[in-house]
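S.K.: The structure's right below; bear with me while I get my questions together.
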Amino acid sequence: MKMLRHYFISDSLDDLELFEEQLEAAGVATPQIHVLSRNDAEVHKHPHLHEVESFMKKDIIRSTLLGAGVGLVGAVLVLTVARVAGWTQSAIGWIPFIFLALVVLGFCTWEGGLFGIQTPNHNFRRFEKALDEGKHVFFVDLEPQQEAVLEKVLKSHPQVELAGTGASTQHWLITLQQKAAMIRHS
């Protein structure tokens, strides 16, 4: 099922907490809702707000995958050069080149992850200015049939500013988070 992420910006965590409570009361699950803020201490004072995990504030996953892609190309290049140059026909055979290809793949993947630790999540870069100004980004991943719920709840929050839409978390991952939350609470 294709979901759409809606982004909002607000100065008030109190209003965002109420916004989240109303969305949940209308049937939107907690794993579909998140708040991104530079002021984590203030977010913690609002226990009902579902904040973005610190791991997801960085671009670790995307950068690691990009690094793995570069590493895969490098590994294939190492094996191709070894084969074309005839080095694999010698007494040492393929083993050192396979090992070198694995080292290249692992190193590039690791470097990609290290780069990602230092980089804000690509989905949140457009909100850097608002976050620097002390504002908070609220986003919700909705199924098509939930769009009307958002429109209805949004009418009672005039200070919440629509900041655009984007790609959502995969539906299966949100479902998995919902089931994990039900298990924890039972």
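Chain labels A, B, ... are given in the sequence in which chains occur in the structure tokens; within each chain residues are numbered consecutively from 1, and ligands are likewise numbered from 1 in the order shown.
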Any chance you could list, as a PyMOL selection string, the residues in chain A that come up strand (DSSP E) when DSSP is run on the backbone?
M.R.: chain A and resi 4-10+33-36+136-142+161-167
S.K.: Find the spatial neighbours of A:Leu77, counting only C-alpha atoms, within a cut-off of 12 Å - ignore same-chain residues fewer than 4 positions away - and output them as number ranges by chain.
M.R.: A: 70-73, 81-85, 97-98, 100-102, 104-105
S.K.: Which of stretch 6-184 of chain A counts as alpha helix (DSSP H) under DSSP, as a VMD selection string please?
M.R.: chain A and resid 13 to 25 40 to 44 60 to 84 95 to 117 128 to 132 147 to 154 171 to 184
S.K.: Write out as number ranges by chain the residues lying within 10 Å of stretch 130-135 of chain A, counting only C-alpha atoms and excluding same-chain residues fewer than 5 positions away.
M.R.: A: 9-13, 36-39, 124-125
S.K.: Can you check which parts of stretch 100-177 of chain A lie within 12 Å of stretch 45-50 of chain A? Per residue, the shortest pair of atoms and distance in Å to one decimal, counting only C-alpha atoms, sorted by chain and number, as a Markdown table.
M.R.:
| residue | atom | partner | partner_atom | distance |
| --- | --- | --- | --- | --- |
| A:His136 | CA | A:Leu49 | CA | 11.5 |
| A:Val137 | CA | A:His50 | CA | 11.7 |
| A:Phe138 | CA | A:His50 | CA | 9.5 |
| A:Phe139 | CA | A:His50 | CA | 10.2 |
| A:Val140 | CA | A:His50 | CA | 10.5 |
S.K.: Kindly give the distance, in Å, that separates atom CA of A:Met3 and atom CA of A:Glu143, rounded to a single decimal.
M.R.: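 According to the coordinates, atom CA of A:Met3 and atom CA of A:Glu143 are separated by 4.7 Å.
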S.K.: Between atom CA of A:Lys179 and atom CA of A:Leu142, what is the spacing in Å?
M.R.: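 Straight-line distance from atom CA of A:Leu142 to atom CA of A:Lys179 works out to 17.4 Å.
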S.K.: Stretch 148-163 of chain A: which residues within 8 Å, counting only C-alpha atoms, same-chain residues fewer than 4 positions away excluded, as a ChimeraX atom specification?
M.R.: /A:6-10,15-16,19,22-23,26
S.K.: Go ahead and save the residues from that selection, with all heavy atoms, as a CSV table (one decimal), in the first residue's frame.
M.R.:
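Contents of result.csv, freshly written:
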chain,number,residue,atom,x,y,z
A,6,HIS,N,3.4,13.6,5.2
A,6,HIS,CA,3.0,15.0,5.3
A,6,HIS,C,3.9,15.7,6.4
A,6,HIS,O,3.9,15.2,7.5
A,6,HIS,CB,1.5,15.2,5.7
A,6,HIS,CG,0.6,14.6,4.6
A,6,HIS,ND1,0.1,15.4,3.6
A,6,HIS,CD2,0.1,13.4,4.5
A,6,HIS,CE1,-0.7,14.6,2.9
A,6,HIS,NE2,-0.7,13.4,3.4
A,7,TYR,N,4.5,16.8,6.0
A,7,TYR,CA,5.4,17.5,6.9
A,7,TYR,C,4.7,18.8,7.4
A,7,TYR,O,4.1,19.5,6.6
A,7,TYR,CB,6.7,17.9,6.3
A,7,TYR,CG,7.6,16.7,5.9
A,7,TYR,CD1,7.7,16.2,4.7
A,7,TYR,CD2,8.5,16.2,6.9
A,7,TYR,CE1,8.5,15.1,4.3
A,7,TYR,CE2,9.3,15.1,6.6
A,7,TYR,CZ,9.3,14.6,5.3
A,7,TYR,OH,10.1,13.5,5.0
A,8,PHE,N,4.9,19.1,8.7
A,8,PHE,CA,4.4,20.3,9.2
A,8,PHE,C,5.5,21.0,10.1
A,8,PHE,O,6.3,20.3,10.7
A,8,PHE,CB,3.1,20.0,10.1
A,8,PHE,CG,2.0,19.4,9.4
A,8,PHE,CD1,2.0,18.0,9.3
A,8,PHE,CD2,1.1,20.1,8.6
A,8,PHE,CE1,1.0,17.3,8.6
A,8,PHE,CE2,0.1,19.5,7.9
A,8,PHE,CZ,0.0,18.1,7.9
A,9,ILE,N,5.4,22.3,10.3
A,9,ILE,CA,6.3,23.0,11.1
A,9,ILE,C,5.5,23.8,12.1
A,9,ILE,O,4.5,24.4,11.8
A,9,ILE,CB,7.2,24.0,10.3
A,9,ILE,CG1,8.1,23.2,9.4
A,9,ILE,CG2,8.1,24.8,11.2
A,9,ILE,CD1,9.0,24.0,8.4
A,10,SER,N,6.0,23.8,13.4
A,10,SER,CA,5.3,24.5,14.5
A,10,SER,C,6.3,25.0,15.5
A,10,SER,O,7.4,24.4,15.7
A,10,SER,CB,4.3,23.7,15.1
A,10,SER,OG,3.6,24.3,16.2
A,15,ASP,N,1.0,22.2,21.2
A,15,ASP,CA,0.0,22.1,20.1
A,15,ASP,C,0.3,20.8,19.3
A,15,ASP,O,-0.6,20.1,18.9
A,15,ASP,CB,0.1,23.3,19.2
A,15,ASP,CG,-1.1,23.3,18.2
A,15,ASP,OD1,-2.2,22.9,18.6
A,15,ASP,OD2,-0.9,23.7,17.1
A,16,LEU,N,1.6,20.5,19.1
A,16,LEU,CA,1.9,19.3,18.3
A,16,LEU,C,1.5,18.0,19.1
A,16,LEU,O,1.1,17.0,18.5
A,16,LEU,CB,3.4,19.2,18.0
A,16,LEU,CG,3.9,20.3,17.0
A,16,LEU,CD1,5.4,20.1,16.7
A,16,LEU,CD2,3.1,20.1,15.7
A,19,PHE,N,-2.1,17.7,18.6
A,19,PHE,CA,-2.3,17.3,17.2
A,19,PHE,C,-2.1,15.8,17.1
A,19,PHE,O,-2.9,15.0,16.5
A,19,PHE,CB,-1.3,18.0,16.4
A,19,PHE,CG,-1.5,17.9,14.9
A,19,PHE,CD1,-2.7,17.6,14.3
A,19,PHE,CD2,-0.4,18.2,14.0
A,19,PHE,CE1,-2.9,17.6,12.9
A,19,PHE,CE2,-0.6,18.1,12.7
A,19,PHE,CZ,-1.8,17.8,12.1
A,22,GLN,N,-4.9,13.8,18.8
A,22,GLN,CA,-6.2,13.8,18.0
A,22,GLN,C,-6.0,12.9,16.8
A,22,GLN,O,-7.0,12.2,16.4
A,22,GLN,CB,-6.5,15.2,17.6
A,22,GLN,CG,-6.9,16.1,18.7
A,22,GLN,CD,-7.0,17.6,18.3
A,22,GLN,OE1,-6.4,18.0,17.3
A,22,GLN,NE2,-7.8,18.3,19.1
A,23,LEU,N,-4.9,12.8,16.2
A,23,LEU,CA,-4.7,11.9,15.1
A,23,LEU,C,-4.8,10.5,15.5
A,23,LEU,O,-5.4,9.7,14.9
A,23,LEU,CB,-3.3,12.2,14.4
A,23,LEU,CG,-3.2,13.4,13.5
A,23,LEU,CD1,-1.7,13.6,13.1
A,23,LEU,CD2,-4.1,13.3,12.3
A,26,ALA,N,-8.2,9.4,16.1
A,26,ALA,CA,-9.0,9.2,14.9
A,26,ALA,C,-8.5,8.0,14.1
A,26,ALA,O,-9.0,7.8,13.0
A,26,ALA,CB,-8.8,10.5,14.0
